[in-house]
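Note: the block below is entry.csv and it holds CSV, C-alpha atoms and all ligand atoms.
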```
chain,number,residue,atom,x,y,z
A,23,MET,CA,-33.2,-33.0,54.5
A,24,PRO,CA,-32.3,-33.3,50.9
A,25,ASP,CA,-28.6,-32.9,50.1
A,26,ARG,CA,-27.6,-29.7,48.4
A,27,THR,CA,-25.2,-30.4,45.6
A,28,ARG,CA,-21.8,-28.9,45.3
A,29,PHE,CA,-23.1,-27.2,42.2
A,30,PHE,CA,-25.9,-25.6,44.0
A,31,GLY,CA,-23.7,-24.6,47.0
A,32,LYS,CA,-21.7,-22.5,44.6
A,33,THR,CA,-24.8,-21.2,43.0
A,34,LEU,CA,-26.3,-20.0,46.2
A,35,ALA,CA,-23.1,-18.2,47.3
A,36,ALA,CA,-22.8,-16.4,43.9
A,37,ALA,CA,-26.5,-15.6,43.8
A,38,GLY,CA,-26.4,-14.4,47.4
A,39,THR,CA,-23.7,-11.9,46.5
A,40,ALA,CA,-25.6,-10.6,43.5
A,41,ALA,CA,-28.8,-10.2,45.6
A,42,ALA,CA,-26.8,-8.3,48.3
A,43,LEU,CA,-25.5,-5.9,45.6
A,44,VAL,CA,-29.1,-5.3,44.4
A,45,LEU,CA,-30.4,-4.7,47.9
A,46,ALA,CA,-27.7,-2.3,48.7
A,47,THR,CA,-28.8,0.0,45.9
A,48,ALA,CA,-32.5,-0.5,46.3
A,49,VAL,CA,-34.9,1.8,48.1
A,50,PRO,CA,-35.5,0.2,51.5
A,51,ALA,CA,-39.3,0.2,51.2
A,52,ALA,CA,-39.0,-1.8,48.0
A,53,ALA,CA,-37.7,-4.9,49.7
A,54,ALA,CA,-38.9,-8.3,48.4
A,55,PRO,CA,-42.4,-9.1,49.7
A,56,ALA,CA,-42.1,-11.4,52.7
A,57,THR,CA,-45.1,-13.4,51.7
A,58,VAL,CA,-43.5,-14.9,48.6
A,59,GLU,CA,-40.5,-16.0,50.7
A,60,GLN,CA,-42.8,-17.5,53.3
A,61,ASP,CA,-44.7,-19.4,50.5
A,62,VAL,CA,-41.5,-20.7,49.0
A,63,ALA,CA,-40.1,-21.8,52.4
A,64,GLN,CA,-43.3,-23.5,53.2
A,65,LEU,CA,-43.5,-25.3,49.9
A,66,TYR,CA,-39.9,-26.4,50.2
A,67,GLN,CA,-40.7,-27.9,53.6
A,68,ASP,CA,-43.9,-29.6,52.2
A,69,VAL,CA,-41.7,-31.3,49.5
A,70,ILE,CA,-39.2,-32.4,52.1
A,71,ASP,CA,-42.1,-33.9,54.2
A,72,LEU,CA,-43.5,-35.5,51.0
A,73,TYR,CA,-40.2,-37.2,50.2
A,74,ASN,CA,-39.8,-38.3,53.9
A,75,GLY,CA,-43.2,-39.8,53.8
A,76,LEU,CA,-42.7,-42.0,50.7
A,77,PRO,CA,-42.5,-45.8,50.9
A,78,ALA,CA,-39.0,-47.1,51.6
A,79,ASP,CA,-38.2,-48.4,48.1
A,80,ALA,CA,-39.9,-45.5,46.2
A,81,LEU,CA,-36.7,-44.1,44.8
A,82,ARG,CA,-34.5,-47.2,44.9
A,83,GLY,CA,-32.6,-47.8,41.7
A,84,VAL,CA,-34.0,-44.7,40.0
A,85,ASP,CA,-31.2,-43.6,37.6
A,86,ARG,CA,-31.0,-40.0,36.4
A,87,LEU,CA,-29.4,-38.9,33.2
A,88,ILE,CA,-27.3,-36.1,34.8
A,89,GLU,CA,-26.3,-34.9,38.2
A,90,SER,CA,-28.6,-31.9,37.8
A,91,PRO,CA,-27.6,-28.5,39.1
A,92,VAL,CA,-31.1,-28.6,40.7
A,93,PRO,CA,-30.5,-30.2,44.1
A,94,GLN,CA,-32.1,-33.6,44.3
A,95,PHE,CA,-34.2,-35.1,47.0
A,96,GLY,CA,-33.3,-38.6,47.9
A,97,PRO,CA,-30.1,-40.7,47.8
A,98,ARG,CA,-27.1,-39.6,45.8
A,99,THR,CA,-23.5,-40.5,45.3
A,100,LYS,CA,-20.6,-38.6,46.9
A,101,ALA,CA,-17.0,-38.5,45.6
A,102,GLY,CA,-14.4,-35.9,44.9
A,103,PRO,CA,-13.7,-34.4,41.4
A,104,ILE,CA,-11.4,-36.2,39.0
A,105,PRO,CA,-8.2,-34.2,38.4
A,106,GLY,CA,-7.7,-33.1,34.8
A,107,CYS,CA,-11.3,-33.6,33.9
A,108,THR,CA,-13.5,-31.0,32.3
A,109,GLU,CA,-17.3,-31.6,32.6
A,110,GLY,CA,-19.5,-31.9,29.6
A,111,SER,CA,-21.0,-28.9,27.7
A,112,LEU,CA,-24.5,-29.7,28.8
A,113,LEU,CA,-23.6,-29.6,32.5
A,114,THR,CA,-21.6,-26.4,32.0
A,115,TYR,CA,-24.7,-24.9,30.4
A,116,ALA,CA,-27.0,-26.1,33.1
A,117,ASN,CA,-24.8,-24.8,35.9
A,118,LYS,CA,-24.6,-21.4,34.2
A,119,LEU,CA,-28.4,-21.2,34.1
A,120,ALA,CA,-28.6,-22.2,37.8
A,121,SER,CA,-26.0,-19.6,38.7
A,122,GLN,CA,-28.3,-16.9,37.4
A,123,LEU,CA,-31.0,-17.7,39.9
A,124,THR,CA,-31.6,-15.7,43.1
A,125,PRO,CA,-31.6,-17.7,46.3
A,126,LEU,CA,-35.4,-17.4,46.4
A,127,GLU,CA,-35.7,-18.7,42.8
A,128,GLY,CA,-33.2,-21.4,43.6
A,129,GLN,CA,-35.3,-22.6,46.6
A,130,ALA,CA,-38.6,-22.5,44.5
A,131,LEU,CA,-36.9,-24.4,41.7
A,132,ASP,CA,-35.5,-27.0,44.0
A,133,ALA,CA,-39.0,-27.6,45.5
A,134,LEU,CA,-40.8,-27.5,42.2
A,135,SER,CA,-38.3,-29.7,40.3
A,136,GLY,CA,-38.4,-32.3,43.1
A,137,LEU,CA,-42.2,-32.2,43.1
A,138,SER,CA,-42.5,-32.6,39.3
A,139,GLN,CA,-40.1,-35.5,39.3
A,140,LEU,CA,-42.3,-37.3,41.8
A,141,TYR,CA,-45.4,-36.5,39.7
A,142,VAL,CA,-43.9,-38.1,36.6
A,143,GLN,CA,-42.5,-41.0,38.6
A,144,GLY,CA,-45.4,-41.9,40.8
A,145,VAL,CA,-48.6,-40.4,39.3
A,146,ALA,CA,-48.2,-39.9,35.5
A,147,SER,CA,-49.1,-42.8,33.2
A,148,ASP,CA,-48.8,-43.5,29.5
A,149,LYS,CA,-52.5,-44.6,29.6
A,150,THR,CA,-53.2,-41.0,28.8
A,151,PRO,CA,-51.5,-39.6,25.6
A,152,GLN,CA,-48.1,-38.2,26.4
A,153,VAL,CA,-46.9,-34.9,24.9
A,154,PHE,CA,-43.2,-34.6,24.5
A,155,GLY,CA,-41.5,-31.1,24.2
A,156,THR,CA,-42.9,-27.8,25.3
A,157,ASP,CA,-45.1,-27.6,22.2
A,158,GLY,CA,-45.5,-31.3,21.6
A,159,GLN,CA,-42.9,-31.1,18.9
A,160,TYR,CA,-41.1,-34.3,20.0
A,161,THR,CA,-44.1,-36.5,20.5
A,162,PRO,CA,-43.9,-38.4,17.1
A,163,ARG,CA,-40.1,-39.1,17.6
A,164,ALA,CA,-40.6,-40.2,21.3
A,165,THR,CA,-43.4,-42.6,20.3
A,166,ASP,CA,-41.4,-44.0,17.4
A,167,THR,CA,-38.3,-44.5,19.6
A,168,ILE,CA,-40.1,-46.4,22.4
A,169,ASP,CA,-41.9,-48.6,19.9
A,170,LYS,CA,-38.6,-49.5,18.2
A,171,LEU,CA,-36.9,-50.1,21.5
A,172,ARG,CA,-39.6,-52.5,22.7
A,173,GLY,CA,-39.1,-54.6,19.5
A,174,PHE,CA,-35.3,-54.3,19.5
A,175,TRP,CA,-34.1,-55.7,22.9
A,176,ASP,CA,-35.2,-59.1,24.1
A,177,ILE,CA,-36.4,-58.0,27.6
A,178,GLU,CA,-40.0,-57.8,28.8
A,179,SER,CA,-41.1,-54.5,27.3
A,180,TRP,CA,-44.8,-54.0,27.2
A,181,ASN,CA,-44.9,-52.7,30.8
A,182,ILE,CA,-42.0,-50.2,30.4
A,183,GLN,CA,-43.8,-46.8,30.2
A,184,LEU,CA,-42.4,-43.8,28.5
A,185,VAL,CA,-43.7,-40.7,30.2
A,186,ALA,CA,-43.3,-36.9,29.5
A,187,TRP,CA,-41.8,-34.9,32.3
A,188,LYS,CA,-43.3,-31.4,32.0
A,189,GLY,CA,-43.0,-28.5,34.3
A,190,THR,CA,-46.4,-27.3,33.3
A,191,ASP,CA,-48.0,-30.2,35.1
A,192,LEU,CA,-47.1,-28.2,38.3
A,193,GLY,CA,-49.9,-25.8,37.3
A,194,SER,CA,-52.6,-28.5,37.9
A,195,GLN,CA,-53.8,-28.6,41.5
A,196,ALA,CA,-55.4,-32.0,40.9
A,197,LYS,CA,-52.1,-33.5,39.7
A,198,MET,CA,-50.2,-31.9,42.6
A,199,ALA,CA,-52.8,-33.2,45.1
A,200,GLN,CA,-52.2,-36.7,43.7
A,201,THR,CA,-48.5,-36.2,44.1
A,202,PHE,CA,-48.6,-34.9,47.6
A,203,SER,CA,-50.9,-37.8,48.5
A,204,LEU,CA,-47.9,-40.1,47.9
A,205,GLY,CA,-46.3,-39.1,51.1
A,206,LEU,CA,-48.1,-36.3,53.0
A,207,PRO,CA,-50.9,-36.9,55.6
A,208,PRO,CA,-54.3,-36.4,53.8
A,209,ALA,CA,-55.2,-33.4,55.9
A,210,LYS,CA,-52.2,-31.5,54.5
A,211,VAL,CA,-52.6,-32.4,50.8
A,212,LYS,CA,-55.0,-29.8,49.6
A,213,ALA,CA,-53.1,-26.8,51.0
A,214,ALA,CA,-49.8,-28.1,49.8
A,215,ALA,CA,-51.1,-28.6,46.2
A,216,ALA,CA,-52.6,-25.1,46.2
A,217,LEU,CA,-49.3,-23.7,47.4
A,218,ALA,CA,-47.4,-25.4,44.7
A,219,THR,CA,-49.4,-23.9,41.9
A,220,LYS,CA,-49.3,-20.5,43.7
A,221,VAL,CA,-45.5,-20.5,43.9
A,222,LEU,CA,-45.3,-21.6,40.3
A,223,TYR,CA,-46.8,-18.3,39.2
A,224,GLU,CA,-45.7,-16.2,42.2
A,225,VAL,CA,-42.0,-16.5,41.3
A,226,PRO,CA,-41.7,-15.2,37.7
A,227,GLY,CA,-38.4,-17.0,37.2
A,228,MET,CA,-40.3,-20.3,37.2
A,229,GLN,CA,-42.0,-19.2,33.9
A,230,GLY,CA,-45.1,-21.1,34.9
A,231,GLY,CA,-43.2,-24.4,34.7
A,232,ARG,CA,-41.3,-23.6,31.5
A,233,ASN,CA,-38.0,-22.7,33.2
A,234,PRO,CA,-35.9,-25.5,31.6
A,235,LEU,CA,-34.0,-26.3,34.8
A,236,ILE,CA,-37.2,-27.7,36.4
A,237,THR,CA,-37.2,-30.6,34.0
A,238,LEU,CA,-33.6,-30.6,32.7
A,239,ASN,CA,-33.1,-34.4,33.1
A,240,ALA,CA,-34.4,-37.8,32.2
A,241,PHE,CA,-34.5,-40.9,34.3
A,242,SER,CA,-35.2,-44.7,34.3
A,243,ALA,CA,-37.0,-46.4,37.1
A,244,PRO,CA,-37.0,-50.1,37.9
A,245,ALA,CA,-39.8,-52.5,38.8
A,246,GLY,CA,-40.6,-52.1,42.5
A,247,SER,CA,-39.9,-48.4,42.6
A,248,LEU,CA,-42.8,-45.9,43.0
A,249,GLY,CA,-44.8,-46.1,39.8
A,250,GLY,CA,-43.0,-49.1,38.5
A,251,LYS,CA,-40.9,-49.5,35.3
A,252,ARG,CA,-40.6,-46.4,33.3
A,253,VAL,CA,-38.5,-43.9,31.4
A,254,ALA,CA,-39.2,-40.2,31.9
A,255,LEU,CA,-38.1,-37.6,29.4
A,256,GLY,CA,-37.9,-34.0,30.5
A,257,ASP,CA,-38.9,-31.1,28.3
A,258,GLY,CA,-36.2,-28.9,29.7
A,259,LEU,CA,-33.6,-31.5,28.7
A,260,LEU,CA,-34.9,-31.6,25.1
A,261,ASP,CA,-34.9,-27.8,24.9
A,262,THR,CA,-31.3,-27.6,26.2
A,263,VAL,CA,-30.0,-30.4,24.0
A,264,ASN,CA,-31.5,-28.4,21.1
A,265,ILE,CA,-29.8,-25.2,22.1
A,266,LEU,CA,-26.5,-27.1,22.3
A,267,GLY,CA,-26.9,-28.3,18.7
A,268,PHE,CA,-27.8,-32.0,19.2
A,269,ASP,CA,-31.5,-31.8,18.2
A,270,ASP,CA,-31.2,-34.3,15.4
A,271,VAL,CA,-30.4,-37.1,17.8
A,272,SER,CA,-31.8,-35.9,21.2
A,273,VAL,CA,-34.9,-38.1,21.7
A,274,GLU,CA,-33.5,-41.3,20.2
A,275,SER,CA,-30.2,-41.1,22.0
A,276,VAL,CA,-31.6,-40.1,25.4
A,277,VAL,CA,-34.5,-42.6,25.3
A,278,GLY,CA,-32.1,-45.2,23.9
A,279,HIS,CA,-29.8,-44.6,26.9
A,280,GLU,CA,-32.6,-44.7,29.5
A,281,TYR,CA,-34.0,-47.8,28.0
A,282,GLY,CA,-30.5,-49.2,28.3
A,283,HIS,CA,-31.0,-49.0,32.1
A,284,GLN,CA,-34.1,-51.1,31.7
A,285,VAL,CA,-31.9,-53.7,29.9
A,286,ASP,CA,-29.6,-53.7,33.0
A,287,PHE,CA,-32.6,-53.8,35.4
A,288,ALA,CA,-34.1,-56.8,33.6
A,289,HIS,CA,-30.9,-58.7,34.3
A,290,ASP,CA,-30.4,-57.4,37.8
A,291,ASN,CA,-27.2,-55.8,36.6
A,292,TYR,CA,-26.6,-52.9,39.0
A,293,PRO,CA,-22.9,-52.1,38.7
A,294,ARG,CA,-21.6,-49.9,41.5
A,295,ASN,CA,-19.2,-48.0,39.2
A,296,GLU,CA,-19.3,-45.9,36.1
A,297,SER,CA,-20.3,-48.9,33.9
A,298,SER,CA,-23.8,-48.4,35.3
A,299,GLU,CA,-24.0,-45.3,33.0
A,300,MET,CA,-21.5,-46.2,30.3
A,301,GLY,CA,-23.3,-49.5,29.7
A,302,PRO,CA,-26.5,-47.8,28.7
A,303,ASP,CA,-24.4,-45.4,26.5
A,304,ALA,CA,-23.0,-48.4,24.7
A,305,TYR,CA,-26.4,-50.2,24.4
A,306,GLY,CA,-27.9,-46.9,23.1
A,307,GLY,CA,-25.1,-46.5,20.6
A,308,TYR,CA,-25.7,-50.1,19.4
A,309,PHE,CA,-29.4,-49.3,19.0
A,310,VAL,CA,-29.1,-46.1,16.9
A,311,ALA,CA,-26.4,-47.5,14.6
A,312,HIS,CA,-28.0,-50.9,14.1
A,313,ALA,CA,-29.8,-51.8,10.9
A,314,LYS,CA,-32.9,-52.8,12.9
A,315,GLY,CA,-32.6,-49.7,15.1
A,316,TYR,CA,-32.1,-46.3,13.5
A,317,ALA,CA,-29.3,-47.3,11.1
A,318,TRP,CA,-27.8,-43.9,11.5
A,319,ASN,CA,-24.8,-43.0,9.3
A,320,ALA,CA,-21.3,-42.3,10.6
A,321,ARG,CA,-21.8,-38.6,10.9
A,322,THR,CA,-25.0,-39.0,13.0
A,323,GLN,CA,-23.3,-41.7,15.1
A,324,GLN,CA,-20.5,-39.2,15.8
A,325,GLU,CA,-23.1,-36.6,16.9
A,326,VAL,CA,-24.5,-39.2,19.4
A,327,THR,CA,-21.1,-39.7,21.0
A,328,TYR,CA,-20.7,-36.0,21.4
A,329,LEU,CA,-24.1,-35.8,23.1
A,330,ASP,CA,-22.9,-38.7,25.4
A,331,ALA,CA,-19.8,-36.6,26.2
A,332,SER,CA,-21.8,-33.5,26.9
A,333,ILE,CA,-23.4,-35.1,29.9
A,334,GLY,CA,-20.2,-36.6,31.3
A,335,ASP,CA,-19.1,-35.3,34.7
A,336,CYS,CA,-16.0,-35.3,36.8
A,337,PHE,CA,-17.3,-36.9,40.0
A,338,HIS,CA,-17.0,-40.6,39.6
A,339,SER,CA,-20.8,-40.8,39.3
A,340,HIS,CA,-21.8,-41.0,35.6
A,341,GLY,CA,-18.5,-41.3,33.7
A,342,THR,CA,-16.3,-38.5,32.3
A,343,PRO,CA,-17.0,-36.9,28.9
A,344,ASP,CA,-14.2,-39.0,27.3
A,345,GLN,CA,-15.4,-42.2,28.9
A,346,ARG,CA,-19.0,-41.7,27.9
A,347,LYS,CA,-18.0,-40.9,24.4
A,348,ALA,CA,-15.9,-44.0,24.2
A,349,ALA,CA,-18.7,-46.2,25.6
A,350,GLY,CA,-21.2,-44.8,23.0
A,351,ALA,CA,-18.7,-45.3,20.1
A,352,TRP,CA,-17.9,-48.8,21.2
A,353,GLY,CA,-21.7,-49.7,21.1
A,354,GLU,CA,-22.0,-48.2,17.6
A,355,LYS,CA,-19.0,-50.1,16.4
A,356,GLN,CA,-20.6,-53.4,17.6
A,357,ALA,CA,-23.5,-52.7,15.3
A,358,THR,CA,-21.6,-51.6,12.3
A,359,SER,CA,-18.9,-54.3,12.5
A,360,GLN,CA,-21.0,-57.4,13.0
A,361,GLY,CA,-21.1,-59.9,10.1
A,362,ASN,CA,-24.9,-60.0,9.8
A,363,PRO,CA,-26.1,-56.4,10.1
A,364,ASN,CA,-29.7,-57.6,11.0
A,365,ARG,CA,-28.7,-59.8,13.9
A,366,ILE,CA,-29.5,-58.3,17.3
A,367,VAL,CA,-27.2,-59.4,20.1
A,368,PRO,CA,-29.1,-60.9,23.1
A,369,THR,CA,-29.2,-58.4,26.0
A,370,ALA,CA,-27.4,-60.9,28.3
A,371,THR,CA,-24.6,-61.2,25.8
A,372,MET,CA,-24.4,-57.5,25.3
A,373,ILE,CA,-24.1,-56.9,29.0
A,374,GLU,CA,-21.3,-59.5,29.2
A,375,LYS,CA,-19.4,-58.0,26.2
A,376,PHE,CA,-19.6,-54.5,27.7
A,377,GLN,CA,-18.5,-55.6,31.1
A,378,LYS,CA,-15.4,-57.2,29.5
A,379,GLU,CA,-14.7,-54.0,27.5
A,380,TYR,CA,-15.4,-51.6,30.3
A,381,PRO,CA,-12.0,-51.7,32.1
A,382,LYS,CA,-10.3,-50.5,28.9
A,383,LEU,CA,-12.7,-47.6,28.6
A,384,MET,CA,-12.3,-46.7,32.2
A,385,PRO,CA,-8.6,-46.2,33.3
A,386,PRO,CA,-8.1,-46.1,37.1
A,387,ALA,CA,-8.6,-42.6,38.5
A,388,ASP,CA,-5.0,-42.3,39.6
A,389,GLN,CA,-3.7,-43.2,36.2
A,390,ALA,CA,-5.9,-40.5,34.6
A,391,ALA,CA,-4.6,-38.0,37.2
A,392,THR,CA,-1.0,-39.0,36.4
A,393,ALA,CA,-1.6,-38.5,32.7
A,394,ALA,CA,-3.2,-35.1,33.4
A,395,VAL,CA,-0.2,-34.0,35.5
A,396,ALA,CA,2.2,-35.2,32.9
A,397,ALA,CA,0.3,-33.3,30.2
A,398,ALA,CA,0.3,-30.1,32.3
A,399,HIS,CA,4.1,-30.3,32.6
A,400,GLY,CA,4.5,-30.8,28.9
A,501,ZN,ZN,-28.2,-43.1,32.7
```

In structure tokens, what does this structure look like?
Amino acid sequence: MPDRTRFFGKTLAAAGTAAALVLATAVPAAAAPATVEQDVAQLYQDVIDLYNGLPADALRGVDRLIESPVPQFGPRTKAGPIPGCTEGSLLTYANKLASQLTPLEGQALDALSGLSQLYVQGVASDKTPQVFGTDGQYTPRATDTIDKLRGFWDIESWNIQLVAWKGTDLGSQAKMAQTFSLGLPPAKVKAAAALATKVLYEVPGMQGGRNPLITLNAFSAPAGSLGGKRVALGDGLLDTVNILGFDDVSVESVVGHEYGHQVDFAHDNYPRNESSEMGPDAYGGYFVAHAKGYAWNARTQQEVTYLDASIGDCFHSHGTPDQRKAAGAWGEKQATSQGNPNRIVPTATMIEKFQKEYPKLMPPADQAATAAVAAAHG
């Protein structure tokens, strides 16, 4: 079984109450058609079976940008919330979207999001032209960013793919059949693929794959995982970052961050603490501020750090908003304060420098809690 997140647990309870109120005032004969519910339940089970049938290392090391309000299939971290911490604006927004779903929509979204992630991780390839953004509006920026990053950092880069994560791919039975083939017995693949596209259009809230929650994320996958080295960029994430006002910097910052994970992967640097996320924030900051990167000015650099903060959480998983902001700003400062603006620090050195800085950006949790309590008492 996939774990349900704490976010989604709340969502289901709230949505359940709303649904009960609706049903209480509805004409009994107009109850929701049972067939849709059966379809969604069956698809959900198919996706669980698919994940359970994957090769052992399929998801190992895959790093997602945010702890999505959409429950995730596969391994995840568990820890209590940090006292005195307020989650970032993007997470608040995503949780609000999720809280508006009915339980049926929530289950459909859960299955479809998990399925589309597996498509983009294990089937999609940049050998076919990738289209970024719901209307392709981000394709030039995404292409430019990955080209720049490949030339910027000194890691093996030609085989790091940048792939578009699109909910609309769920509408293709051929693509879904390829996806289910990754883990389902061959005899079950065709029916499961047909059911996925059926549910996509049978549940109106899925908007034919354009509900932003389906793809409200990005991830980086290491060599040896299903599909190999790649960065995936979700259309739902780009749309949401636009709504929150960070459109100017969205593609470059997010891809810069995800590529930062590839920098760590290339050096077998897998920290088991928040530096695993804050490091890529720092490398991404260095890249966008650097003369050989985007050479963004102080105002735009500031915007990037606010975007970093917007995805900070309070669960000791990806860093708090303040920590992420500090990590991004530190990276930017490394670029703007170095003697020769054109020199690019080798990745091994950058990792070492960040690991030295990290303890200062990351006060122990009890210290942060003490500070919060002190602030609350004036
Ligand atoms: Zn990350």

Go through the chains and note each residue within 12 Å of ligand ZN 501 (chain A), using all atoms listed in the file, then give the set as a PDB file with C-alpha atoms, keeping the file's coordinate frame.
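Result written to part.pdb:
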```
ATOM      1  CA  GLY A  83     -32.600 -47.800  41.700  1.00  0.00           C
ATOM      2  CA  VAL A  84     -34.000 -44.700  40.000  1.00  0.00           C
ATOM      3  CA  ASP A  85     -31.200 -43.600  37.600  1.00  0.00           C
ATOM      4  CA  ARG A  86     -31.000 -40.000  36.400  1.00  0.00           C
ATOM      5  CA  LEU A  87     -29.400 -38.900  33.200  1.00  0.00           C
ATOM      6  CA  ILE A  88     -27.300 -36.100  34.800  1.00  0.00           C
ATOM      7  CA  GLU A  89     -26.300 -34.900  38.200  1.00  0.00           C
ATOM      8  CA  ASN A 239     -33.100 -34.400  33.100  1.00  0.00           C
ATOM      9  CA  ALA A 240     -34.400 -37.800  32.200  1.00  0.00           C
ATOM     10  CA  PHE A 241     -34.500 -40.900  34.300  1.00  0.00           C
ATOM     11  CA  SER A 242     -35.200 -44.700  34.300  1.00  0.00           C
ATOM     12  CA  ALA A 243     -37.000 -46.400  37.100  1.00  0.00           C
ATOM     13  CA  VAL A 253     -38.500 -43.900  31.400  1.00  0.00           C
ATOM     14  CA  ALA A 254     -39.200 -40.200  31.900  1.00  0.00           C
ATOM     15  CA  LEU A 255     -38.100 -37.600  29.400  1.00  0.00           C
ATOM     16  CA  SER A 275     -30.200 -41.100  22.000  1.00  0.00           C
ATOM     17  CA  VAL A 276     -31.600 -40.100  25.400  1.00  0.00           C
ATOM     18  CA  VAL A 277     -34.500 -42.600  25.300  1.00  0.00           C
ATOM     19  CA  GLY A 278     -32.100 -45.200  23.900  1.00  0.00           C
ATOM     20  CA  HIS A 279     -29.800 -44.600  26.900  1.00  0.00           C
ATOM     21  CA  GLU A 280     -32.600 -44.700  29.500  1.00  0.00           C
ATOM     22  CA  TYR A 281     -34.000 -47.800  28.000  1.00  0.00           C
ATOM     23  CA  GLY A 282     -30.500 -49.200  28.300  1.00  0.00           C
ATOM     24  CA  HIS A 283     -31.000 -49.000  32.100  1.00  0.00           C
ATOM     25  CA  GLN A 284     -34.100 -51.100  31.700  1.00  0.00           C
ATOM     26  CA  VAL A 285     -31.900 -53.700  29.900  1.00  0.00           C
ATOM     27  CA  ASP A 286     -29.600 -53.700  33.000  1.00  0.00           C
ATOM     28  CA  PHE A 287     -32.600 -53.800  35.400  1.00  0.00           C
ATOM     29  CA  TYR A 292     -26.600 -52.900  39.000  1.00  0.00           C
ATOM     30  CA  GLU A 296     -19.300 -45.900  36.100  1.00  0.00           C
ATOM     31  CA  SER A 297     -20.300 -48.900  33.900  1.00  0.00           C
ATOM     32  CA  SER A 298     -23.800 -48.400  35.300  1.00  0.00           C
ATOM     33  CA  GLU A 299     -24.000 -45.300  33.000  1.00  0.00           C
ATOM     34  CA  MET A 300     -21.500 -46.200  30.300  1.00  0.00           C
ATOM     35  CA  GLY A 301     -23.300 -49.500  29.700  1.00  0.00           C
ATOM     36  CA  PRO A 302     -26.500 -47.800  28.700  1.00  0.00           C
ATOM     37  CA  ASP A 303     -24.400 -45.400  26.500  1.00  0.00           C
ATOM     38  CA  ALA A 304     -23.000 -48.400  24.700  1.00  0.00           C
ATOM     39  CA  TYR A 305     -26.400 -50.200  24.400  1.00  0.00           C
ATOM     40  CA  GLY A 306     -27.900 -46.900  23.100  1.00  0.00           C
ATOM     41  CA  ASP A 330     -22.900 -38.700  25.400  1.00  0.00           C
ATOM     42  CA  ILE A 333     -23.400 -35.100  29.900  1.00  0.00           C
ATOM     43  CA  GLY A 334     -20.200 -36.600  31.300  1.00  0.00           C
ATOM     44  CA  SER A 339     -20.800 -40.800  39.300  1.00  0.00           C
ATOM     45  CA  HIS A 340     -21.800 -41.000  35.600  1.00  0.00           C
ATOM     46  CA  GLY A 341     -18.500 -41.300  33.700  1.00  0.00           C
ATOM     47  CA  ARG A 346     -19.000 -41.700  27.900  1.00  0.00           C
TER      48      ARG A 346
END
```

Nearest residue to His312 of chain A from the set A:Leu184, A:Leu171, A:Ala199, A:Leu217 (distances using only C-alpha atoms): A:Leu171

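With only C-alpha atoms as the atoms that count, the residue of A:Phe309, A:Glu59, A:Gln323, A:Ala331 with the shortest distance to Pro363 of chain A is A:Phe309.
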
Quick one: residues within 8 Å of Tyr308 of chain A, only C-alpha atoms counted, chain neighbours fewer than 6 positions away excluded, as a ChimeraX atom specification? /A:350,353-357

What's around Asp68 of chain A at 9 Å? Count only C-alpha atoms, leave out sequence neighbours fewer than 6 positions away in its own chain, and write the answer as a short mmCIF file (atom, residue, chain, number, x, y, z; two decimals) with C-alpha atoms, in the coordinates of the input.
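Result file result25.cif:
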```
data_model
loop_
_atom_site.label_atom_id
_atom_site.label_comp_id
_atom_site.auth_asym_id
_atom_site.auth_seq_id
_atom_site.Cartn_x
_atom_site.Cartn_y
_atom_site.Cartn_z
CA ALA A 133 -39.00 -27.60 45.50
CA PHE A 202 -48.60 -34.90 47.60
CA LEU A 206 -48.10 -36.30 53.00
CA LYS A 210 -52.20 -31.50 54.50
CA ALA A 214 -49.80 -28.10 49.80
#
```

So what do you get for atom CA of Leu329 of chain A versus atom CA of Thr108 of chain A, distance-wise?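 Pair atom CA of Leu329 of chain A / atom CA of Thr108 of chain A returns 14.8 Å.
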
Find, counting only C-alpha atoms, the residue in A:Ala213, A:Val145, A:Cys336, A:Leu192 that gets nearest to Ile104 of chain A.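 Once distances to Ile104 of chain A are computed over only C-alpha atoms, the minimum belongs to A:Cys336.
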
Need the shell around Ala186 of chain A: protein/DNA/RNA residues with any atom at most 9 Å away, counting all atoms listed in the file. Skip same-chain ones fewer than 6 positions apart. Format as a list of chain:residue names? A:Val142, A:Ala146, A:Asp148, A:Gln152, A:Val153, A:Phe154, A:Gly155, A:Val253, A:Ala254, A:Leu255, A:Gly256, A:Asp257

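Atom CA of Gln345 of chain A to atom CA of Leu383 of chain A spans 6.0 Å [interatomic distance, one decimal].
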
Using Å and a single decimal, report how far atom CA of Gln139 of chain A sits from atom CA of Lys188 of chain A.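 These atoms are spaced 9.0 Å apart.
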
Taking all atoms listed in the file into account, name the residue in A:Asn233, A:Ser332, A:Thr342, A:Asn364 that is nearest to Gly128 of chain A. A:Asn233

Kindly indicate which residue among A:Met198, A:Ile70, A:Ala116, A:Ala351 lies nearest to Ala218 of chain A, using only C-alpha atoms for the distances.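 Residue with the minimum atom-to-atom distance to Ala218 of chain A: A:Met198.
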
Which is closer to Ile373 of chain A than all the others in A:Leu72, A:Leu259, A:Ala288, A:Leu235, using only C-alpha atoms?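 Smallest separation from Ile373 of chain A among the options: A:Ala288.
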
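Using all atoms listed in the file, the set of residues no farther than 9 Å from the position (-46.5, -43.0, 40.3) comprises Leu140, Tyr141, Val142, Gln143, Gly144, Val145, Ala146, Ser147, Thr201, Leu204, Ser247, Leu248, Gly249 and Gly250 of chain A.
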
Neighbourhood query: residues within 12 Å of (-40.9, -44.9, 17.3), file coordinates, counting only C-alpha atoms; return as a PyMOL selection string. chain A and resi 160-174+184+273-274+277-278+310+315-316
